[in-house]
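Chemist: Take this structure first; my questions come after.
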Amino acid sequence: MRWSTTLVIAAVAMGMVAPGLALSQARSPSGATTPSGAVFDRLRDSTTRPVPQVGPPVVRPPESTWVPDRFVQVPGNDSPVFVPGHWERRLGDHEVYTPPLTGRTREGGTVDFPAGTRPPVNERQLP
């Protein structure tokens, strides 16, 4: 019976010491990865790399601009002249093509504006 008691005590002692030994072998040194960690490191690196950056979108100015109905002061007329709405085609940064226009005075007279290149509507005095 002594022999079986000694065997049981040895088995219990080994059961208590063996997990500690197994854990000490499985632990990696501080700062290093586990033996199979290189696979996980590559996987982490490939899934967490930064997203490529793209430049800002290129915005082109519109080719044509709508100029709404408006009243403008024209030299030689005492009252403002009504100029109907029209499209102006962009030729450059500070130049547009304006179609021929016919304006109306408040007295009922007409003023003809020939077609041609002019500055954009926000940079000029006449239609």
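Simple scheme: letters A, B, ... for chains in structure tokens order, numbers from 1 for residues in each chain, numbers from 1 for ligands in the order shown.
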Any idea what's packed within 12 Å of A:Ser64, counting only C-alpha atoms, ignoring anything in its chain fewer than 5 positions away? Could you give it as a PyMOL selection string?
Modeler: chain A and resi 86-92+95-99+120
Chemist: Output N, CA and C atoms for every residue in the selection just made, as a tab-separated table (two decimals), in the first residue's frame.
Modeler:
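The resulting file, result25.tsv, is shown below:
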```tsv
chain	number	residue	atom	x	y	z
A	86	HIS	N	-29.37	84.95	-70.75
A	86	HIS	CA	-28.68	84.33	-71.89
A	86	HIS	C	-27.53	83.46	-71.38
A	87	TRP	N	-27.04	82.60	-72.27
A	87	TRP	CA	-25.88	81.76	-71.98
A	87	TRP	C	-24.62	82.45	-72.49
A	88	GLU	N	-23.55	82.37	-71.71
A	88	GLU	CA	-22.25	82.88	-72.14
A	88	GLU	C	-21.26	81.72	-72.13
A	89	ARG	N	-20.51	81.59	-73.21
A	89	ARG	CA	-19.55	80.50	-73.34
A	89	ARG	C	-18.18	80.94	-72.83
A	90	ARG	N	-17.58	80.15	-71.99
A	90	ARG	CA	-16.28	80.47	-71.40
A	90	ARG	C	-15.17	80.25	-72.42
A	91	LEU	N	-14.32	81.26	-72.59
A	91	LEU	CA	-13.17	81.16	-73.49
A	91	LEU	C	-11.85	81.07	-72.71
A	92	GLY	N	-11.80	81.66	-71.55
A	92	GLY	CA	-10.60	81.66	-70.72
A	92	GLY	C	-11.00	82.06	-69.30
A	95	GLU	N	-12.38	85.72	-69.81
A	95	GLU	CA	-12.95	86.05	-71.11
A	95	GLU	C	-14.09	85.08	-71.44
A	96	VAL	N	-15.22	85.64	-71.88
A	96	VAL	CA	-16.38	84.83	-72.30
A	96	VAL	C	-16.89	85.36	-73.63
A	97	TYR	N	-17.61	84.49	-74.35
A	97	TYR	CA	-18.27	84.90	-75.58
A	97	TYR	C	-19.72	85.19	-75.24
A	98	THR	N	-20.18	86.41	-75.60
A	98	THR	CA	-21.56	86.81	-75.34
A	98	THR	C	-22.30	86.88	-76.67
A	99	PRO	N	-23.50	86.27	-76.76
A	99	PRO	CA	-24.27	86.33	-78.01
A	99	PRO	C	-24.83	87.74	-78.23
A	120	PRO	N	-16.03	88.17	-67.84
A	120	PRO	CA	-17.19	87.51	-67.23
A	120	PRO	C	-18.14	88.54	-66.63
```
Chemist: Taking into account only C-alpha atoms, which residue in the set A:Pro80, A:Glu123, A:Gly85, A:Arg44 is nearest to A:Gly109?
Modeler: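 That would be A:Pro80, the residue with the smallest distance to A:Gly109.
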Chemist: Can you pull out the residues contacting A:Phe71? Cut-off 7 Å, using only C-alpha atoms, and skip same-chain residues under 4 positions away; I want them as a PyMOL selection string.
Modeler: chain A and resi 80-83
Chemist: Skipping near chain neighbours, those fewer than 4 positions away, what residues fall within 9 Å of A:Pro100 using only C-alpha atoms, listed as a ChimeraX atom specification?
Modeler: /A:112-116
Chemist: Based on the backbone DSSP call, show me all residues of stretch 48-82 of chain A assigned strand (DSSP E or B), as number ranges by chain.
Modeler: A: 64-67, 70-72, 81-82
Chemist: How would the residues just chosen look if you wrote them out with N, CA, C and O atoms as a tab-separated table (two decimals), in the first residue's frame?
Modeler:
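Generated file (result35.tsv):
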```
chain	number	residue	atom	x	y	z
A	64	SER	N	-20.28	76.68	-70.14
A	64	SER	CA	-21.21	77.78	-70.36
A	64	SER	C	-21.79	78.22	-69.02
A	64	SER	O	-21.95	77.40	-68.11
A	65	THR	N	-22.14	79.49	-68.93
A	65	THR	CA	-22.71	80.04	-67.71
A	65	THR	C	-24.01	80.78	-68.06
A	65	THR	O	-24.05	81.55	-69.03
A	66	TRP	N	-25.05	80.53	-67.27
A	66	TRP	CA	-26.32	81.22	-67.47
A	66	TRP	C	-26.27	82.56	-66.75
A	66	TRP	O	-25.95	82.65	-65.58
A	67	VAL	N	-26.59	83.62	-67.48
A	67	VAL	CA	-26.69	84.96	-66.91
A	67	VAL	C	-28.17	85.32	-66.89
A	67	VAL	O	-28.80	85.40	-67.94
A	70	ARG	N	-31.54	90.93	-66.12
A	70	ARG	CA	-31.05	91.95	-65.20
A	70	ARG	C	-31.18	93.32	-65.83
A	70	ARG	O	-31.39	93.46	-67.04
A	71	PHE	N	-31.07	94.32	-64.99
A	71	PHE	CA	-31.06	95.72	-65.44
A	71	PHE	C	-29.64	96.24	-65.30
A	71	PHE	O	-29.00	96.04	-64.27
A	72	VAL	N	-29.14	96.91	-66.36
A	72	VAL	CA	-27.80	97.49	-66.33
A	72	VAL	C	-27.89	98.96	-66.74
A	72	VAL	O	-28.80	99.37	-67.48
A	81	VAL	N	-31.30	99.65	-68.50
A	81	VAL	CA	-31.74	98.86	-69.65
A	81	VAL	C	-31.93	97.41	-69.19
A	81	VAL	O	-31.07	96.84	-68.52
A	82	PHE	N	-33.09	96.82	-69.58
A	82	PHE	CA	-33.37	95.42	-69.26
A	82	PHE	C	-32.65	94.53	-70.26
A	82	PHE	O	-32.83	94.66	-71.48
```
